[in-house]
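Here's the structure we're looking at; comments come further down.
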Protein chains: 4
Amino acid sequence: MSLNTFGRVLRVTTWGESHGPAIGAVIDGCPPGIEVSEADIQPWLDKRRPGASRFTTQRRESDQVRILSGTFEGRTTGTPISLLIENEDPRSKDYSDVSKAYRPGHADYTYDAKYGFRDWRGGGRSSARETAVRVAAGAVARLIVPDVSIRGYLVELGGDAIDREAFDAESIDSNPLNCPDPAAAVRWERKIDEARKAGSSLGAIVECVADGVPAGWGAPIYGKLDAELAAAMMSINAAKGVEIGDGFAAARLRGEDNADAMRAGPTFLSNHAGGILGGISSGQPVVVRVAFKPTSSILTPVPTIDSDGQETEIVTKGRHDPCVGIRAVQVVEAMMALVLADQMLLHRAQCG
Amino acid sequence: MSLNTFGRVLRVTTWGESHGPAIGAVIDGCPPGIEVSEADIQPWLDKRRPGASRFTTQRRESDQVRILSGTFEGRTTGTPISLLIENEDPRSKDYSDVSKAYRPGHADYTYDAKYGFRDWRGGGRSSARETAVRVAAGAVARLIVPDVSIRGYLVELGGDAIDREAFDAESIDSNPLNCPDPAAAVRWERKIDEARKAGSSLGAIVECVADGVPAGWGAPIYGKLDAELAAAMMSINAAKGVEIGDGFAAARLRGEDNADAMRAGPTFLSNHAGGILGGISSGQPVVVRVAFKPTSSILTPVPTIDSDGQETEIVTKGRHDPCVGIRAVQVVEAMMALVLADQMLLHRAQCG
Amino acid sequence: MSLNTFGRVLRVTTWGESHGPAIGAVIDGCPPGIEVSEADIQPWLDKRRPGASRFTTQRRESDQVRILSGTFEGRTTGTPISLLIENEDPRSKDYSDVSKAYRPGHADYTYDAKYGFRDWRGGGRSSARETAVRVAAGAVARLIVPDVSIRGYLVELGGDAIDREAFDAESIDSNPLNCPDPAAAVRWERKIDEARKAGSSLGAIVECVADGVPAGWGAPIYGKLDAELAAAMMSINAAKGVEIGDGFAAARLRGEDNADAMRAGPTFLSNHAGGILGGISSGQPVVVRVAFKPTSSILTPVPTIDSDGQETEIVTKGRHDPCVGIRAVQVVEAMMALVLADQMLLHRAQCG
Amino acid sequence: MSLNTFGRVLRVTTWGESHGPAIGAVIDGCPPGIEVSEADIQPWLDKRRPGASRFTTQRRESDQVRILSGTFEGRTTGTPISLLIENEDPRSKDYSDVSKAYRPGHADYTYDAKYGFRDWRGGGRSSARETAVRVAAGAVARLIVPDVSIRGYLVELGGDAIDREAFDAESIDSNPLNCPDPAAAVRWERKIDEARKAGSSLGAIVECVADGVPAGWGAPIYGKLDAELAAAMMSINAAKGVEIGDGFAAARLRGEDNADAMRAGPTFLSNHAGGILGGISSGQPVVVRVAFKPTSSILTPVPTIDSDGQETEIVTKGRHDPCVGIRAVQVVEAMMALVLADQMLLHRAQCG
């Protein structure tokens with residue numbers, strides 16, 4: 001019944017709207033005795049922070065996180081950890097045009113249909129601003145599974161894929177696009193510049209790999225590790241697809257080509273499965289990919305209606321990411337951390 | 001904490017192993033007063049039943065469902081509905097070879113890693129046999145949302161896609177492959193015959209469309225309709241990817257091409273979104289696609305290890321579907337029904 | 001959202017009506033590798049079984065339990081354990097009088113008010129018959145916390161309390177009333193005989209003590225051990241009150257008299273708290289008491305109405321316990337076991 | 001798995017420690033469109049506020065609540081409502097004596113046993129300070145069930161019961177003890193003055209009645225209205241017993257005396273059941289009583305140990321209520337409101 005709560009044993013409840021006074025998260029079920037302070041969380045928020053490059057929204061938020069509960073003398077106490085980030089730069093006026101008209105691709109129409117009315121300032125609760133606190137919570141989750149390392153990056157932007165042969169983990173942080181292929185990064189910058197100037201937007205595909213996950217995490221049948229990851233990723237704004245390991249490409253393989261043979265170790269000779277078998281981690285890297293649609297906020301006029309049912313056209317002003325997939329990398333990583341920490345605790349509950 | 005329970009308000013708990021005496025489901029939270037009997041459930045089970053054609057496993061199960069509780073004088077009482085299906089044709093002997101060796105692609109290794117040992121007979125709990133009770137539960141769910149019609153079919157088999165121009169809903173039931181393109185159905189039969197003779201297997205992609213879903217179902221942020229569908233579909237055996245609407249293809253569109261313009265009605269001029277915006281249904285058809293890997297059970301020898309860590313080779317005998325995607329159509333439909341019925345009730349709780 | 005599910009990590013879902021074909025429970029989240037068979041469960045059911053003495057209902061049920069899933073070669077596999085007990089001796093005809101009229105004290109009126117109609121045969125789902133499967137599930141729970149010993153008994157029947165000085169644990173099983181005071185047992189037998197002959201019924205108070213619970217179980221704030229026990233006990237048919245340790249009597253003590261002083265060990269010099277402080281076990285015996293109202297089924301005519309709103313009088317025939325508190329002892333023990341096993345697993349999840 | 005979350009459909013997550021910067025609650029699942037502002041919540045907090053009379057703790061907190069999310073233009077939006085109250089007057093120094101020694105009756109020892117260490121400042125998370133946000137959340141819950149009126153009061157203090165014949169609802173608010181019997185209020189003031197001067201403390205029994213609850217709320221079997229109330233009440237600090245209707249006294253009645261006869265209307269001729277039958281509301285007033293132990297913080301020295309296991313004596317200084325039962329009245333009311341609002345929504349989900 002977790003409308004705004006994620007997780008089973010490690011439960012993260014988020015709250016807040018794009019243009020309200022603050023956003024926050026309450027993390028419940030965290031093990032006691034873990035050293036944590038704002039300094040452990042802030043770097044991850046800084047990586048996701050808007051306005052860091054010309055490729056993201058120009059909204060200026062310092063995204064300073066405060067821990068309001070759940071720690072004592074620098075360690076978690078086992079009680080709920082309350083995280084709070086103040087909203088510093090909302091410009092609700094930018095949105096007064098859309099207070100009635102429904103922006104295509106946004107949740108405007110559906111929120112009205114569901115709740116009867118909506119907070120139209122910056123998308124309210126449906127804004128990707130909410131994902132900032134996911135990143136903060138994910139930073140705490142990483143500390144719960146310290147032996148797991150999680151790395152996300154773009155593998156495709158605007159239909160242009162990286163060259164897997166040119167994959168260079170070092171380069172991910174050296175460009176503002178979280179791109180592991182330096183040549184692609186150069187091409188992508190041009191693509192984004194072009195799209196932004198045209199008032200258009202681009203989609204992207206994020207890949208995220210978790211190394212160091214031991215075999216045995218995941219809770220069949222309905223808490224399978226891959227099912228949990230699928231829900232986690234699909235809950236991110238603008239996500240339209242999720243795949244594990246070879247994903248959709250696996251549907252085109254023959255059985256003998258998809259089989260990951262095993263040798264003593266135990267070790268696997270390949271990882272088509274993406275580190276998950278029968279919903280349980282196999283000890284191989286856990287690999288997930290998430291497709292993000294192009295940002296719905298564009299300057300091209302689109303036919304739409306308003307809340308009175310009248311036909312109109314809309315141009316979405318405001319400050320927006322030309323490609324939401326870029327900053328989504330941090331959110332995908334955070335959700336991966338939350339799922340893994342949760343499943344570790346759940347595994348410990350049942351299997352000791 | 002629903003290890004073997006699915007849903008939030010409509011909760012389905014399944015139990016049972018491939019070669020145990022029976023499998024079953026308990027459906028909790030069903031509204032009272034709904035007319036239901038075994039006759040409403042059996043046809044859906046019959047569509048999924050093994051052994052119906054040469055394209056599915058030759059295991060012979062009549063899959064007769066019994067309702068053991070929750071109804072009175074032909075109507076649901078609001079108390080838990082217990083469904084039971086006896087296992088009639090297990091052949092555990094076929095599996096004695098694999099009681100120690102790990103079948104690649106199966107959950108053998110991971111179940112051992114998690115639980116310390118496993119029921120190796122036919123895959124035990126990890127067998128797709130469990131999905132029979134999902135289909136039974138889904139039949140009840142359909143009755144909870146009678147105005148919704150749900151239709152699943154294959155859109156790709158072994159890498160061979162249907163021709164969308166040739167889509168013919170009528171033809172889905174007229175071939176044993178749930179294929180909506182008659183010409184593709186002919187090609188696919190040949191492909192499967194070839195694969196089965198070669199001891200190989202094929203993957204497939206299932207598409208499922210729900211018509212008649214009103215705008216407003218779905219519970220942001222962490223119970224979004226698309227996130228629930230993603231978890232539901234990814235929990236099906238052999239599923240490796242899930243996408244909503246245009247899915248991964250949306251990542252290759254520009255913003256103006258992905259936008260679904262609206263006109264008075266309200267109506268939409270396209271459905272790139274697959275009927276879901278901001279995690280809430282838009283009133284358009286809900287469209288989901290699921291990628292299924294090729295059956296892991298193949299006659300080609302694959303290097304593996306056994307539970308003592310010794311290297312060996314394995315050939316998976318037993319009776320298996322050459323393409324699990326075919327029968328998965330019924331399971332995808334059932335999960336769609338379960339998610340939608342659950343979200344309808346959840347919506348009713350919050351929004352009256 | 002657990003309408004018919006109890007527990008957080010160890011989840012027990014029960015189903016079935018008094019006069020349906022069977023009743024059952026699905027236990028999910030049980031740790032793997034625990035030795036269990038029907039022989040471990042049956043003795044507890046036999047202790048609760050109806051018809052064992054003249055002090056309980058004369059309905060004849062052998063209450064033979066079957067394990068349908070979740071074990072392999074005599075051990076739990078970590079997958080759901082399905083338990084089934086067939087109903088052998090329903091006499092629905094006895095209830096045809098009450099198919100319309102509401103029996104005071106029963107759930108007849110409220111089930112109709114909630115669900116619009118009801119299964120009137122023997123009380124349907126609201127019958128205490130459901131508690132048989134709780135006892136079966138509790139037997140499994142005991143195996144999860146093998147170092148905990150749980151003992152329930154009556155401390156009061158029809159307003160006649162035991163003499164605490166005469167408490168003799170050995171005598172509990174040596175009389176059919178679960179009475180730890182041999183002299184009281186003799187008095188009580190006479191009271192029950194008198195009440196039954198008069199067509200009346202009696203209430204009772206059950207006390208249950210769990211020894212061997214280590215300090216640290218319980219999940220503040222809203223999963224406190226005492227809160228969980230309160231919910232568990234109040235969910236038993238006919239329960240009207242729950243108290244922990246000194247309970248209501250503690251409200252009459254002064255602070256200095258209620259304080260349980262500690263000495264090195266650690267040890268406590270008293271146990272007014274009933275083994276729980278701040279919702280967490282203290283290592284002392286956990287003590288709970290539950291008040292059961294007199295059986296609502298009596299032969300004295302009581303004014304009532306029927307489902308058409310017409311006034312009438314009712315005499316409740318059928319076979320009933322003159323004092324439901326007697327057999328409730330087994331149910332209280334089972335619920336104690338379920339709560340403790342659940343909290344142990346929950347503690348292990350968070351605190352390792 | 002709701003360690004710090006209460007409720008099923010209406011879910012309230014609380015966070016915060018006695019001496020941290022703030023405490024708060026996140027209310028999820030609230031229906032949209034309800035008019036609410038801080039002004040609707042503050043009066044209930046003011047009634048509970050410490051320092052209002054000499055009969056409560058002298059800690060000075062203004063308990064000003066802020067709504068940080070979930071409303072727009074004065075109405076709930078259906079998204080999470082975040083409530084925050086700053087802690088203004090912690091005096092952690094007062095507690096430095098108890099940073100090592102365990103205060104008997106408090107959660108000091110058990111928190112250490114569970115979590116390995118604890119926030120000893122004012123009891124940390126185990127402090128009754130947490131209940132302030134329950135009162136705030138309860139104020140919102142009242143707005144969800146506006147036709148229900150909830151009234152709590154003391155019926156016994158230090159073993160001295162009110163005279164039911166002298167019950168005067170008007171007088172509850174006219175004395176600082178929430179006492180409905182003016183004569184008892186005078187006696188109780190003397191008792192508390194005496195106890196406080198002696199450095200002692202007193203227990204109390206709170207009764208709470210909800211009028212206007214329609215028949216049909218409550219979710220059998222494991223979400224019974226009485227079971228939910230029992231858990232809710234037992235989760236309040238210092239609660240040791242809960243009873244519904246006649247409660248423990250019902251165990252001393254004969255069946256014919258306990259039966260609540262019905263007449264056309266429908267109406268009941270008595271309310272021994274306390275408004276709940278089979279776990280479902282009957283339309284009669286819902287009546288619950290909760291026993292609170294005497295405040296554990298007393299000036300009488302009590303033998304105890306410290307976290308090193310050394311024996312010592314302790315006197316609990318700091319500012320404390322001499323009788324926690326008095327301010328608990330507001331908390332009991334709040335929990336009643338939360339349970340009823342939750343069950344109303346749950347009922348609506350299943351039964352429309």
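Each chain in the structure tokens gets a letter, A, B, ..., in the order shown, and its residues are numbered from 1; ligands are numbered from 1 in order too.
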
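Residues from chain D found within 7 Å of chain A are Met1, Leu3, Asn4, Arg8, Val9, Trp15, Gly16, Glu17, Gly20, Pro21, Ala22, Asp28, Gly29, Pro32, Leu68, Ser69, Gly70, Phe72, Thr77, Gly78, Thr79, Pro80, Ser82, Tyr115, Arg118, Asp119 and Arg125 of chain D, counting only C-alpha atoms.
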
Q | Residues of range 66-274 of chain B in strand (DSSP E), written as a PyMOL selection string | A | chain B and resi 66-67+71-72+75-76+81-86+149-157+160-161+204-211+239-244+262-263+267-268

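As for CA of Ser149 in chain A and CA of Asp260 in chain A, they are spaced 22.7 Å apart.
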
Q: Quote the spacing between CA of Thr300 in chain D and CA of Gly218 in chain C in Å to one decimal place.
A: 28.9 Å

Q) Which value, in Å to one decimal, gives the distance between CA of His347 in chain B and CA of Val135 in chain A? A) 28.2 Å

Q: Enumerate the residues of range 110-217 of chain C with a DSSP assignment of alpha helix (DSSP H), computed from the backbone, and present them as a count of residues only.
A: 36
